[in-house]
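Novice: Got a structure for you, coords.tsv, holding TSV, C-alpha atoms and all ligand atoms.
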chain	number	residue	atom	x	y	z
A	1	MET	CA	79.49	122.59	94.18
A	2	LYS	CA	80.23	126.10	95.36
A	3	VAL	CA	82.40	126.64	98.38
A	4	SER	CA	81.00	130.09	98.99
A	5	SER	CA	82.38	130.62	102.46
A	6	VAL	CA	85.59	128.57	102.50
A	7	LYS	CA	87.75	131.65	102.11
A	8	ARG	CA	85.73	133.82	104.47
A	9	ARG	CA	85.27	131.28	107.27
A	10	GLY	CA	88.15	128.86	106.76
A	11	VAL	CA	91.56	130.46	107.18
A	12	ALA	CA	90.40	134.04	107.66
A	13	ARG	CA	92.59	137.12	107.93
A	14	ARG	CA	92.21	138.73	111.30
A	15	GLY	CA	95.57	140.40	111.46
A	16	ARG	CA	96.99	136.92	110.94
A	17	ARG	CA	95.72	133.78	109.21
A	18	ARG	CA	93.72	131.69	111.63
A	19	LEU	CA	91.60	128.57	111.34
A	20	GLY	CA	88.35	128.48	113.31
A	21	LYS	CA	87.15	124.99	114.29
A	22	LEU	CA	89.34	122.05	113.37
A	23	VAL	CA	88.00	118.53	113.93
A	24	ILE	CA	90.55	115.73	113.92
A	25	PHE	CA	89.55	112.09	113.51
A	26	GLY	CA	92.53	110.14	114.86
A	27	VAL	CA	94.57	112.25	117.26
A	28	GLY	CA	97.78	110.27	116.79
A	29	LEU	CA	101.22	111.17	115.48
A	30	ILE	CA	99.96	113.02	112.39
A	31	GLY	CA	96.67	114.50	113.62
A	32	GLY	CA	98.18	115.47	116.97
A	33	SER	CA	101.27	117.02	115.40
A	34	LEU	CA	99.18	119.16	113.04
A	35	ALA	CA	97.16	120.45	116.00
A	36	LEU	CA	100.34	121.22	117.96
A	37	ALA	CA	101.98	122.95	114.98
A	38	LEU	CA	98.93	125.18	114.45
A	39	ARG	CA	98.65	125.91	118.16
A	40	LYS	CA	102.32	126.86	118.36
A	41	ARG	CA	101.69	129.50	115.68
A	42	LYS	CA	98.37	130.49	117.27
A	43	ALA	CA	96.78	129.56	113.95
A	44	VAL	CA	93.71	127.68	115.19
A	45	ALA	CA	90.90	128.75	117.52
A	46	HIS	CA	89.39	125.42	118.60
A	47	VAL	CA	90.46	121.80	118.12
A	48	VAL	CA	88.05	118.90	118.59
A	49	GLY	CA	89.34	115.32	118.75
A	50	VAL	CA	87.39	112.21	117.77
A	51	GLY	CA	88.96	108.83	118.39
A	52	ARG	CA	88.70	105.14	119.03
A	53	SER	CA	90.66	105.12	122.26
A	54	ARG	CA	89.37	107.18	125.18
A	55	ALA	CA	92.76	106.94	126.91
A	56	ASN	CA	94.49	108.44	123.85
A	57	LEU	CA	91.99	111.30	123.65
A	58	LEU	CA	92.37	112.05	127.37
A	59	ALA	CA	96.15	112.13	126.88
A	60	ALA	CA	95.69	114.46	123.88
A	61	ARG	CA	93.60	116.87	125.95
A	62	ARG	CA	96.02	116.71	128.87
A	63	LEU	CA	98.94	117.45	126.50
A	64	GLY	CA	97.12	120.50	125.13
A	65	ILE	CA	96.71	118.98	121.66
A	66	ILE	CA	92.91	119.24	121.61
A	67	ASP	CA	90.45	121.46	123.45
A	68	GLU	CA	87.52	119.08	123.36
A	69	ILE	CA	86.82	115.36	123.12
A	70	ALA	CA	83.79	114.51	120.99
A	71	THR	CA	82.00	111.21	121.32
A	72	ASP	CA	79.43	111.83	118.59
A	73	PRO	CA	81.00	112.29	115.12
A	74	ALA	CA	77.81	113.96	113.81
A	75	LEU	CA	77.90	116.63	116.51
A	76	ALA	CA	81.67	116.95	116.26
A	77	VAL	CA	81.66	118.05	112.62
A	78	LYS	CA	78.82	120.53	113.10
A	79	ASP	CA	80.11	123.99	112.13
A	80	ALA	CA	83.62	122.67	111.55
A	81	ASP	CA	85.77	124.75	109.20
A	82	LEU	CA	88.08	121.84	108.54
A	83	VAL	CA	87.78	118.12	109.22
A	84	LEU	CA	91.02	116.12	109.09
A	85	LEU	CA	90.99	112.34	108.75
A	86	ALA	CA	94.22	111.07	110.32
A	87	VAL	CA	93.07	107.51	110.98
A	88	PRO	CA	94.53	104.22	109.70
A	89	LEU	CA	93.44	103.84	106.05
A	90	GLY	CA	91.12	100.93	106.84
A	91	GLN	CA	88.99	103.32	108.93
A	92	THR	CA	88.53	105.99	106.24
A	93	ALA	CA	85.34	104.64	104.68
A	94	ALA	CA	83.56	104.23	108.03
A	95	VAL	CA	84.48	107.76	109.17
A	96	LEU	CA	83.40	109.32	105.86
A	97	ALA	CA	80.08	107.45	105.99
A	98	GLN	CA	79.50	108.69	109.56
A	99	ILE	CA	80.19	112.35	108.87
A	100	ALA	CA	78.83	112.79	105.32
A	101	PRO	CA	75.21	113.61	106.25
A	102	HIS	CA	76.28	116.15	108.89
A	103	LEU	CA	78.74	118.35	107.02
A	104	ALA	CA	77.87	122.04	106.80
A	105	PRO	CA	78.02	123.64	103.32
A	106	HIS	CA	81.23	125.49	104.17
A	107	THR	CA	83.10	122.58	105.80
A	108	VAL	CA	86.21	121.36	104.02
A	109	VAL	CA	87.34	117.76	104.57
A	110	THR	CA	90.88	116.52	104.07
A	111	ASP	CA	92.98	113.49	104.98
A	112	ALA	CA	96.57	112.55	105.71
A	113	GLY	CA	96.53	109.00	104.37
A	114	SER	CA	99.69	107.42	102.98
A	115	THR	CA	97.84	106.26	99.85
A	116	LYS	CA	95.52	108.36	97.73
A	117	ARG	CA	93.50	106.42	95.13
A	118	ASP	CA	91.58	104.34	97.68
A	119	VAL	CA	90.90	107.36	99.90
A	120	ILE	CA	89.60	109.30	96.89
A	121	ALA	CA	87.39	106.37	95.84
A	122	ASN	CA	85.89	106.23	99.33
A	123	ALA	CA	85.41	110.00	99.50
A	124	ARG	CA	83.69	109.98	96.11
A	125	LYS	CA	81.46	107.12	97.27
A	126	TYR	CA	80.41	108.55	100.63
A	127	LEU	CA	80.59	112.34	100.43
A	128	GLY	CA	78.20	112.93	97.51
A	129	ALA	CA	78.09	116.64	96.61
A	130	ALA	CA	80.56	117.41	99.42
A	131	PHE	CA	83.22	115.49	97.48
A	132	ALA	CA	84.11	118.81	95.81
A	133	ARG	CA	85.22	120.03	99.23
A	134	PHE	CA	87.36	116.96	99.92
A	135	VAL	CA	91.08	117.63	99.49
A	136	PRO	CA	93.18	114.44	99.35
A	137	ALA	CA	96.55	115.07	100.96
A	138	HIS	CA	99.61	113.28	102.32
A	139	PRO	CA	102.15	114.95	104.60
A	140	ILE	CA	105.58	113.48	103.82
A	141	ALA	CA	106.79	113.48	107.39
A	142	GLY	CA	106.57	110.95	110.15
A	143	THR	CA	108.30	108.77	112.68
A	144	GLU	CA	107.91	105.14	113.70
A	145	ASN	CA	105.97	106.19	116.81
A	146	SER	CA	102.19	106.39	117.14
A	147	GLY	CA	99.49	107.90	119.31
A	148	ALA	CA	98.97	111.38	120.77
A	149	ARG	CA	102.05	111.07	122.99
A	150	ALA	CA	104.22	110.73	119.87
A	151	ALA	CA	102.96	114.04	118.43
A	152	PHE	CA	105.21	117.10	118.28
A	153	ALA	CA	104.80	120.56	116.76
A	154	GLU	CA	107.95	120.47	114.60
A	155	LEU	CA	107.18	117.21	112.79
A	156	PHE	CA	106.26	118.91	109.51
A	157	ASP	CA	108.84	121.72	109.48
A	158	GLY	CA	110.40	122.03	106.02
A	159	HIS	CA	108.79	118.84	104.69
A	160	LYS	CA	106.43	118.38	101.75
A	161	LEU	CA	102.68	118.03	101.67
A	162	ILE	CA	101.40	116.31	98.56
A	163	VAL	CA	97.88	117.19	97.45
A	164	THR	CA	96.19	115.06	94.79
A	165	PRO	CA	93.06	116.99	93.79
A	166	GLU	CA	90.55	115.47	91.39
A	167	PRO	CA	88.89	117.39	88.53
A	168	GLU	CA	85.87	118.10	90.77
A	169	THR	CA	87.93	119.38	93.71
A	170	ASP	CA	87.18	123.02	94.47
A	171	ALA	CA	90.29	125.15	94.04
A	172	ARG	CA	89.38	127.25	97.09
A	173	ALA	CA	89.22	124.13	99.26
A	174	VAL	CA	92.69	123.15	97.99
A	175	ARG	CA	93.98	126.64	98.82
A	176	MET	CA	92.48	126.46	102.29
A	177	VAL	CA	94.02	123.06	103.09
A	178	SER	CA	97.36	124.13	101.59
A	179	ALA	CA	97.33	127.29	103.72
A	180	VAL	CA	96.72	125.23	106.87
A	181	TRP	CA	99.63	122.86	106.20
A	182	LYS	CA	101.88	125.77	105.22
A	183	LEU	CA	101.11	127.28	108.61
A	184	ALA	CA	102.28	123.97	110.07
A	185	GLY	CA	105.62	124.39	108.26
A	186	MET	CA	105.10	122.42	105.04
A	187	ARG	CA	105.77	123.08	101.36
A	188	VAL	CA	102.86	122.05	99.16
A	189	ILE	CA	103.19	120.18	95.88
A	190	THR	CA	100.50	118.71	93.62
A	191	MET	CA	100.50	115.24	92.04
A	192	HIS	CA	98.07	112.88	90.37
A	193	ALA	CA	96.84	110.24	92.80
A	194	ALA	CA	98.06	107.33	90.65
A	195	ASP	CA	101.54	108.86	90.35
A	196	HIS	CA	101.58	109.43	94.11
A	197	ASP	CA	100.68	105.81	94.83
A	198	ARG	CA	103.34	104.44	92.47
A	199	VAL	CA	106.06	106.70	93.85
A	200	PHE	CA	105.27	105.99	97.50
A	201	ALA	CA	104.94	102.26	96.88
A	202	LEU	CA	108.60	102.41	95.80
A	203	VAL	CA	110.09	104.91	98.23
A	204	SER	CA	108.07	104.21	101.37
A	205	HIS	CA	105.74	101.21	101.31
A	206	LEU	CA	108.28	98.72	99.91
A	207	PRO	CA	111.02	99.80	102.38
A	208	HIS	CA	108.58	99.28	105.27
A	209	VAL	CA	107.72	95.77	104.03
A	210	VAL	CA	111.44	95.00	103.65
A	211	SER	CA	112.17	96.32	107.14
A	212	PHE	CA	109.40	94.25	108.74
A	213	ALA	CA	110.57	91.21	106.74
A	214	LEU	CA	114.19	91.52	107.94
A	215	ILE	CA	113.09	91.49	111.57
A	216	ASP	CA	110.57	88.75	110.91
A	217	GLN	CA	113.21	86.57	109.28
A	218	LEU	CA	115.62	86.88	112.21
A	219	ALA	CA	112.87	86.40	114.78
A	220	GLY	CA	111.96	83.12	113.09
A	221	TYR	CA	115.30	81.41	113.79
A	222	ALA	CA	115.61	79.17	116.86
A	223	ASP	CA	118.62	81.20	118.01
A	224	ALA	CA	116.94	84.58	117.37
A	225	ALA	CA	118.02	85.95	120.77
A	226	THR	CA	121.68	85.35	119.89
A	227	LEU	CA	121.22	86.85	116.42
A	228	PHE	CA	119.61	90.01	117.77
A	229	ARG	CA	122.37	90.30	120.39
A	230	HIS	CA	124.91	90.54	117.58
A	231	THR	CA	123.13	93.15	115.50
A	232	GLY	CA	124.90	96.46	114.92
A	233	GLY	CA	124.20	99.98	113.73
A	234	GLY	CA	123.51	98.93	110.14
A	235	PHE	CA	120.78	96.52	111.13
A	236	ARG	CA	119.33	99.09	113.51
A	237	ASP	CA	119.26	101.77	110.77
A	238	LEU	CA	117.69	99.43	108.26
A	239	THR	CA	114.96	98.24	110.61
A	240	ARG	CA	114.02	101.42	112.52
A	241	ILE	CA	110.76	101.63	110.59
A	242	ALA	CA	109.77	98.09	111.63
A	243	GLY	CA	108.87	99.82	114.92
A	244	SER	CA	105.91	101.45	113.08
A	245	SER	CA	102.23	100.71	113.68
A	246	PRO	CA	101.32	97.25	112.30
A	247	GLU	CA	97.72	98.38	111.76
A	248	MET	CA	98.77	101.41	109.74
A	249	TRP	CA	101.11	99.38	107.54
A	250	ARG	CA	98.65	96.53	107.08
A	251	ASP	CA	96.20	99.10	105.74
A	252	VAL	CA	98.79	100.78	103.50
A	253	CYS	CA	99.71	97.40	101.95
A	254	LEU	CA	96.06	96.55	101.31
A	255	ALA	CA	95.16	100.02	100.03
A	256	ASN	CA	98.11	100.26	97.62
A	257	HIS	CA	98.06	96.59	96.72
A	258	ASP	CA	98.71	96.81	92.94
A	259	ALA	CA	101.44	99.47	93.04
A	260	LEU	CA	103.11	97.72	95.97
A	261	LEU	CA	103.06	94.35	94.18
A	262	THR	CA	104.78	95.94	91.17
A	263	ALA	CA	107.40	97.49	93.46
A	264	LEU	CA	107.91	94.14	95.20
A	265	GLU	CA	108.41	92.36	91.86
A	266	GLY	CA	111.16	94.82	90.98
A	267	TYR	CA	112.82	94.31	94.35
A	268	LEU	CA	112.63	90.52	94.08
A	269	GLU	CA	114.23	90.74	90.62
A	270	GLU	CA	117.04	92.83	92.08
A	271	LEU	CA	117.54	90.32	94.92
A	272	GLU	CA	117.44	87.48	92.43
A	273	LEU	CA	120.15	89.19	90.37
A	274	LEU	CA	122.37	89.60	93.44
A	275	ARG	CA	121.64	86.04	94.54
A	276	GLY	CA	122.76	84.79	91.11
A	277	MET	CA	125.99	86.78	91.34
A	278	ILE	CA	126.72	85.44	94.84
A	279	GLU	CA	125.95	81.90	93.69
A	280	ALA	CA	128.28	82.32	90.70
A	281	SER	CA	130.97	83.98	92.85
A	282	ASP	CA	130.74	86.91	90.42
A	283	GLY	CA	132.78	89.39	92.46
A	284	GLN	CA	133.10	91.86	89.60
A	285	GLY	CA	129.34	91.88	89.01
A	286	LEU	CA	128.64	92.43	92.69
A	287	GLU	CA	131.17	95.21	93.00
A	288	GLU	CA	129.81	96.98	89.91
A	289	ARG	CA	126.27	96.70	91.23
A	290	PHE	CA	127.24	97.97	94.69
A	291	ALA	CA	129.31	100.81	93.19
A	292	ALA	CA	126.37	101.89	91.02
A	293	ALA	CA	124.09	101.82	94.09
A	294	ARG	CA	126.56	103.80	96.17
A	295	ALA	CA	126.94	106.43	93.42
A	296	ALA	CA	123.16	106.71	93.03
A	297	ARG	CA	122.81	107.17	96.79
A	298	ALA	CA	125.50	109.86	96.89
A	299	LYS	CA	123.86	111.73	94.01
A	300	TRP	CA	120.47	111.54	95.77
A	301	LEU	CA	121.90	112.85	99.04
A	302	ILE	CA	123.76	115.73	97.34
A	303	LYS	CA	120.54	116.75	95.54
A	304	LYS	CA	118.61	116.57	98.82
A	305	SER	CA	120.99	118.79	100.78
A	401	LIG	P1	98.52	106.85	114.81
A	401	LIG	O1	98.34	105.41	115.09
A	401	LIG	O2	99.55	107.61	115.56
A	401	LIG	O3	97.13	107.61	114.99
A	401	LIG	C1	95.93	107.13	114.45
A	401	LIG	C2	94.84	107.40	115.46
A	401	LIG	O4	93.58	107.09	114.86
A	401	LIG	C3	94.94	106.56	116.73
A	401	LIG	O5	94.94	107.42	117.84
A	401	LIG	C4	93.67	105.70	116.71
A	401	LIG	O6	93.14	105.46	117.98
A	401	LIG	C5	92.74	106.56	115.88
A	401	LIG	N1	91.65	105.85	115.24
A	401	LIG	C6	91.65	104.60	114.72
A	401	LIG	N2	90.44	104.33	114.18
A	401	LIG	C7	89.67	105.41	114.35
A	401	LIG	C8	88.34	105.74	114.01
A	401	LIG	N3	87.56	104.86	113.38
A	401	LIG	N4	87.87	106.96	114.34
A	401	LIG	C9	88.66	107.87	114.98
A	401	LIG	N5	89.92	107.61	115.35
A	401	LIG	C10	90.43	106.40	115.02
A	401	LIG	O7	98.76	106.95	113.22
A	401	LIG	P2	99.45	108.11	112.40
A	401	LIG	O8	100.89	107.76	112.22
A	401	LIG	O9	99.07	109.43	112.96
A	401	LIG	O10	98.77	107.89	110.97
A	401	LIG	C11	97.51	108.44	110.68
A	401	LIG	C12	97.33	108.50	109.17
A	401	LIG	O11	98.39	109.28	108.62
A	401	LIG	C13	97.37	107.14	108.47
A	401	LIG	O12	96.40	107.12	107.47
A	401	LIG	C14	98.75	107.08	107.86
A	401	LIG	O13	98.72	106.36	106.66
A	401	LIG	C15	99.04	108.55	107.59
A	401	LIG	N6	100.46	108.93	107.65
A	401	LIG	C16	101.30	108.42	108.59
A	401	LIG	C17	102.63	108.79	108.60
A	401	LIG	C18	103.61	108.22	109.63
A	401	LIG	O14	104.82	108.30	109.43
A	401	LIG	N7	103.14	107.67	110.72
A	401	LIG	C19	103.12	109.74	107.68
A	401	LIG	C20	102.22	110.28	106.76
A	401	LIG	C21	100.90	109.87	106.74
Would you kindly transcribe this structure into structure tokens?

Specialist:
Amino acid sequence: MKVSSVKRRGVARRGRRRLGKLVIFGVGLIGGSLALALRKRKAVAHVVGVGRSRANLLAARRLGIIDEIATDPALAVKDADLVLLAVPLGQTAAVLAQIAPHLAPHTVVTDAGSTKRDVIANARKYLGAAFARFVPAHPIAGTENSGARAAFAELFDGHKLIVTPEPETDARAVRMVSAVWKLAGMRVITMHAADHDRVFALVSHLPHVVSFALIDQLAGYADAATLFRHTGGGFRDLTRIAGSSPEMWRDVCLANHDALLTALEGYLEELELLRGMIEASDGQGLEERFAAARAARAKWLIKKS
């Protein structure tokens, strides 16, 4: 499918690069922060918000995140240059089905979902010919807070956006979406969707499950109040992300089910190994394991800085 006018109408040069009409489904942390980042750089002309919660959309308009609240998804996407899906993953299919028949030939659709293979499968299923103008993407930036009130313009500064285009994806649509996120402060890298899902199962989805599990375990004891009273900085650091949206993380676990199960198996094996060493009072084994982990962490942090 040709994207004849993506370049001309999408992020056009009028002295500076500027996006025309941006429609955001899900004006929460991610959708709201993109709108604020583009507004801060005067890089978008008009932002329309579509949502599930009227109160959240009203807050988004009051906070200057969106210009307009749309109640009809079909009307909302009319003449849009870019449609961003920033909804929990379990909502993706329904939103795509709603908007597919109403997309103009120049409209590019993208998403911000934390997993990619399931989003791509849904986009392929529902968008038909417009699938060529669907750019799967994942901004690697976030906090444990949700909703429009959690959004801030600097969220993406200096962080990575991963795009996972498929063979059919129009290169101009990818360039347009990349340009938008670059305007929001991101560096863009490309990955295969399956590689993305494996990597993020290990570095993000598993740590969230572990964090929720640590809190859950403590909360289950009869003396939980006493236990929580005695927690320190380490426990707080390790469980910050258990303050994240349960709906979002339920959907991530379900969407990335196979890669996450593989990551969990590896983690359980590691725990089992440590459990065996503790049971056997194998101090040398434990120390070696902890030293190796500390060295790996130091190497990672040096590379990152
Ligand atoms: P959020 O909870 O802050 O915002 C999601 C918004 O979507 C909410 O305002 C909700 O009311 C709205 N919504 C729910 N169902 C909807 C529907 N059917 N139609 C329209 N709106 C709907 O969540 P978020 O953190 O902004 O996450 C959004 C997406 O971005 C998720 O897919 C998530 O996987 C991904 N993501 C999140 C992070 C993070 O750290 N939070 C980072 C990268 C990617």

Novice: Counting all atoms listed in the file, figure out which residue out of A:Thr262, A:Ser178, A:Ser53, A:Thr115 gets nearest to Leu202 of chain A.

Specialist: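 Of A:Thr262, A:Ser178, A:Ser53, A:Thr115, the one nearest Leu202 of chain A is A:Thr262, counting all atoms listed in the file.
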
Novice: Report as JSON lines: every residue of chain A with an atom at most 6 Å from ligand LIG 401 (chain A), its closest pair of atoms, and their distance in Å to one decimal, counting all atoms listed in the file, with rows sorted by chain and ascending residue number.

Specialist:
{"residue": "A:Phe25", "atom": "CA", "partner": "A:LIG401", "partner_atom": "C9", "distance": 4.6}
{"residue": "A:Gly26", "atom": "CA", "partner": "A:LIG401", "partner_atom": "O4", "distance": 3.2}
{"residue": "A:Val27", "atom": "CA", "partner": "A:LIG401", "partner_atom": "O5", "distance": 4.9}
{"residue": "A:Gly28", "atom": "CA", "partner": "A:LIG401", "partner_atom": "O3", "distance": 3.3}
{"residue": "A:Leu29", "atom": "CA", "partner": "A:LIG401", "partner_atom": "O9", "distance": 3.7}
{"residue": "A:Ile30", "atom": "CA", "partner": "A:LIG401", "partner_atom": "O9", "distance": 3.7}
{"residue": "A:Gly31", "atom": "CA", "partner": "A:LIG401", "partner_atom": "O9", "distance": 5.6}
{"residue": "A:Val50", "atom": "CA", "partner": "A:LIG401", "partner_atom": "C9", "distance": 5.3}
{"residue": "A:Gly51", "atom": "CA", "partner": "A:LIG401", "partner_atom": "N5", "distance": 3.4}
{"residue": "A:Arg52", "atom": "CA", "partner": "A:LIG401", "partner_atom": "C10", "distance": 4.5}
{"residue": "A:Ser53", "atom": "CA", "partner": "A:LIG401", "partner_atom": "O6", "distance": 5.0}
{"residue": "A:Ala86", "atom": "CA", "partner": "A:LIG401", "partner_atom": "C12", "distance": 4.2}
{"residue": "A:Val87", "atom": "CA", "partner": "A:LIG401", "partner_atom": "O4", "distance": 3.9}
{"residue": "A:Pro88", "atom": "CA", "partner": "A:LIG401", "partner_atom": "O12", "distance": 4.1}
{"residue": "A:Leu89", "atom": "CA", "partner": "A:LIG401", "partner_atom": "O12", "distance": 4.6}
{"residue": "A:Gln91", "atom": "CA", "partner": "A:LIG401", "partner_atom": "N3", "distance": 4.9}
{"residue": "A:Val95", "atom": "CA", "partner": "A:LIG401", "partner_atom": "N3", "distance": 6.0}
{"residue": "A:Ala112", "atom": "CA", "partner": "A:LIG401", "partner_atom": "O11", "distance": 4.7}
{"residue": "A:Gly113", "atom": "CA", "partner": "A:LIG401", "partner_atom": "O12", "distance": 3.6}
{"residue": "A:Ser114", "atom": "CA", "partner": "A:LIG401", "partner_atom": "O13", "distance": 4.0}
{"residue": "A:His138", "atom": "CA", "partner": "A:LIG401", "partner_atom": "C21", "distance": 5.7}
{"residue": "A:Pro139", "atom": "CA", "partner": "A:LIG401", "partner_atom": "C20", "distance": 5.1}
{"residue": "A:Ile140", "atom": "CA", "partner": "A:LIG401", "partner_atom": "C20", "distance": 5.5}
{"residue": "A:Ala141", "atom": "CA", "partner": "A:LIG401", "partner_atom": "C19", "distance": 5.2}
{"residue": "A:Gly142", "atom": "CA", "partner": "A:LIG401", "partner_atom": "O14", "distance": 3.3}
{"residue": "A:Thr143", "atom": "CA", "partner": "A:LIG401", "partner_atom": "O14", "distance": 4.8}
{"residue": "A:Ser146", "atom": "CA", "partner": "A:LIG401", "partner_atom": "O2", "distance": 3.3}
{"residue": "A:Gly147", "atom": "CA", "partner": "A:LIG401", "partner_atom": "O2", "distance": 3.8}
{"residue": "A:Met248", "atom": "CA", "partner": "A:LIG401", "partner_atom": "O13", "distance": 5.8}

Novice: Write a file of the selected residues as a PDB file, in the frame of the given file, keeping C-alpha atoms.

Specialist:
ATOM      1  CA  PHE A  25      89.550 112.090 113.510  1.00  0.00           C
ATOM      2  CA  GLY A  26      92.530 110.140 114.860  1.00  0.00           C
ATOM      3  CA  VAL A  27      94.570 112.250 117.260  1.00  0.00           C
ATOM      4  CA  GLY A  28      97.780 110.270 116.790  1.00  0.00           C
ATOM      5  CA  LEU A  29     101.220 111.170 115.480  1.00  0.00           C
ATOM      6  CA  ILE A  30      99.960 113.020 112.390  1.00  0.00           C
ATOM      7  CA  GLY A  31      96.670 114.500 113.620  1.00  0.00           C
ATOM      8  CA  VAL A  50      87.390 112.210 117.770  1.00  0.00           C
ATOM      9  CA  GLY A  51      88.960 108.830 118.390  1.00  0.00           C
ATOM     10  CA  ARG A  52      88.700 105.140 119.030  1.00  0.00           C
ATOM     11  CA  SER A  53      90.660 105.120 122.260  1.00  0.00           C
ATOM     12  CA  ALA A  86      94.220 111.070 110.320  1.00  0.00           C
ATOM     13  CA  VAL A  87      93.070 107.510 110.980  1.00  0.00           C
ATOM     14  CA  PRO A  88      94.530 104.220 109.700  1.00  0.00           C
ATOM     15  CA  LEU A  89      93.440 103.840 106.050  1.00  0.00           C
ATOM     16  CA  GLN A  91      88.990 103.320 108.930  1.00  0.00           C
ATOM     17  CA  VAL A  95      84.480 107.760 109.170  1.00  0.00           C
ATOM     18  CA  ALA A 112      96.570 112.550 105.710  1.00  0.00           C
ATOM     19  CA  GLY A 113      96.530 109.000 104.370  1.00  0.00           C
ATOM     20  CA  SER A 114      99.690 107.420 102.980  1.00  0.00           C
ATOM     21  CA  HIS A 138      99.610 113.280 102.320  1.00  0.00           C
ATOM     22  CA  PRO A 139     102.150 114.950 104.600  1.00  0.00           C
ATOM     23  CA  ILE A 140     105.580 113.480 103.820  1.00  0.00           C
ATOM     24  CA  ALA A 141     106.790 113.480 107.390  1.00  0.00           C
ATOM     25  CA  GLY A 142     106.570 110.950 110.150  1.00  0.00           C
ATOM     26  CA  THR A 143     108.300 108.770 112.680  1.00  0.00           C
ATOM     27  CA  SER A 146     102.190 106.390 117.140  1.00  0.00           C
ATOM     28  CA  GLY A 147      99.490 107.900 119.310  1.00  0.00           C
ATOM     29  CA  MET A 248      98.770 101.410 109.740  1.00  0.00           C
TER      30      MET A 248
END

Novice: Restricting the calculation to all atoms listed in the file, which member of A:Glu270, A:Glu287, A:Asp157, A:Asp81 is positioned closest to Val177 of chain A?

Specialist: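 Closest to Val177 of chain A, using all atoms listed in the file: A:Asp81.
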
Novice: Find the residues with any atom within 9 Å of (103.3, 120.3, 106.8); use all atoms listed in the file and the coordinates as given in the file, and write the answer as a short mmCIF file (atom, residue, chain, number, x, y, z; two decimals) with C-alpha atoms, in the frame of the given file.

Specialist:
data_model
loop_
_atom_site.label_atom_id
_atom_site.label_comp_id
_atom_site.auth_asym_id
_atom_site.auth_seq_id
_atom_site.Cartn_x
_atom_site.Cartn_y
_atom_site.Cartn_z
CA LEU A 34 99.18 119.16 113.04
CA ALA A 37 101.98 122.95 114.98
CA PRO A 139 102.15 114.95 104.60
CA ILE A 140 105.58 113.48 103.82
CA ALA A 141 106.79 113.48 107.39
CA LEU A 155 107.18 117.21 112.79
CA PHE A 156 106.26 118.91 109.51
CA ASP A 157 108.84 121.72 109.48
CA GLY A 158 110.40 122.03 106.02
CA HIS A 159 108.79 118.84 104.69
CA LYS A 160 106.43 118.38 101.75
CA LEU A 161 102.68 118.03 101.67
CA SER A 178 97.36 124.13 101.59
CA VAL A 180 96.72 125.23 106.87
CA TRP A 181 99.63 122.86 106.20
CA LYS A 182 101.88 125.77 105.22
CA LEU A 183 101.11 127.28 108.61
CA ALA A 184 102.28 123.97 110.07
CA GLY A 185 105.62 124.39 108.26
CA MET A 186 105.10 122.42 105.04
CA ARG A 187 105.77 123.08 101.36
CA VAL A 188 102.86 122.05 99.16
#

Novice: With all atoms listed in the file as the basis for distance, which of A:Ala148, A:Ile241, A:Ala132, A:Ala121 is at the shortest distance from Arg62 of chain A?

Specialist: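 For Arg62 of chain A, the nearest of the candidates is A:Ala148.
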
Novice: I need the residue nearest Ala179 of chain A from this list: A:Ala150, A:Asp118, A:Ala43, A:Met277. Use only C-alpha atoms for the distance.

Specialist: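 Closest to Ala179 of chain A, using only C-alpha atoms: A:Ala43.
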
Novice: Could you check the closest approach to Leu57 of chain A for each of A:Arg250, A:Val108, A:Arg149, A:Arg39 and tell me which residue wins, using only C-alpha atoms?

Specialist: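 Looking at the shortest contact to Leu57 of chain A, the residue is A:Arg149.
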
Novice: Rounded to one decimal in Å, what is the spacing between atom CA of Ser33 of chain A and atom CA of Ala153 of chain A?

Specialist: 5.2 Å

Novice: Which distance in Å separates atom CA of Gln98 of chain A and atom CA of Pro73 of chain A, to one decimal?

Specialist: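 Result for atom CA of Gln98 of chain A versus atom CA of Pro73 of chain A: 6.8 Å, one decimal.
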
Novice: Between A:Ala59, A:Ala242, A:Ile99, A:Ala255, single out the one closest to Asp72 of chain A, counting all atoms listed in the file.

Specialist: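 Selected residue with least distance to Asp72 of chain A: A:Ile99.
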
Novice: Would you pick out the contacts of Leu84 of chain A at 6 Å or less, using only C-alpha atoms, so that residues sharing its chain but fewer than 5 positions from it are not included, and give the list as a count of residues only?

Specialist: 3

Novice: Do a neighbour search on segment 194-198 of chain A at 12 Å with all atoms listed in the file, toss out local chain neighbours closer than 2 positions, and write the hits as JSON, numbers by chain.

Specialist: {"A": [113, 114, 115, 116, 117, 118, 119, 120, 121, 136, 137, 138, 139, 140, 161, 162, 163, 164, 165, 166, 189, 190, 191, 192, 200, 201, 202, 203, 204, 205, 206, 252, 253, 255, 256, 257, 258, 259, 260, 261, 262, 263, 264]}

Novice: Record the distance separating atom CA of Leu271 of chain A and atom CA of Ala193 of chain A, expressed in Å with one decimal.

Specialist: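 Taking atom CA of Leu271 of chain A as the start and atom CA of Ala193 of chain A as the end point, the length is 28.8 Å.
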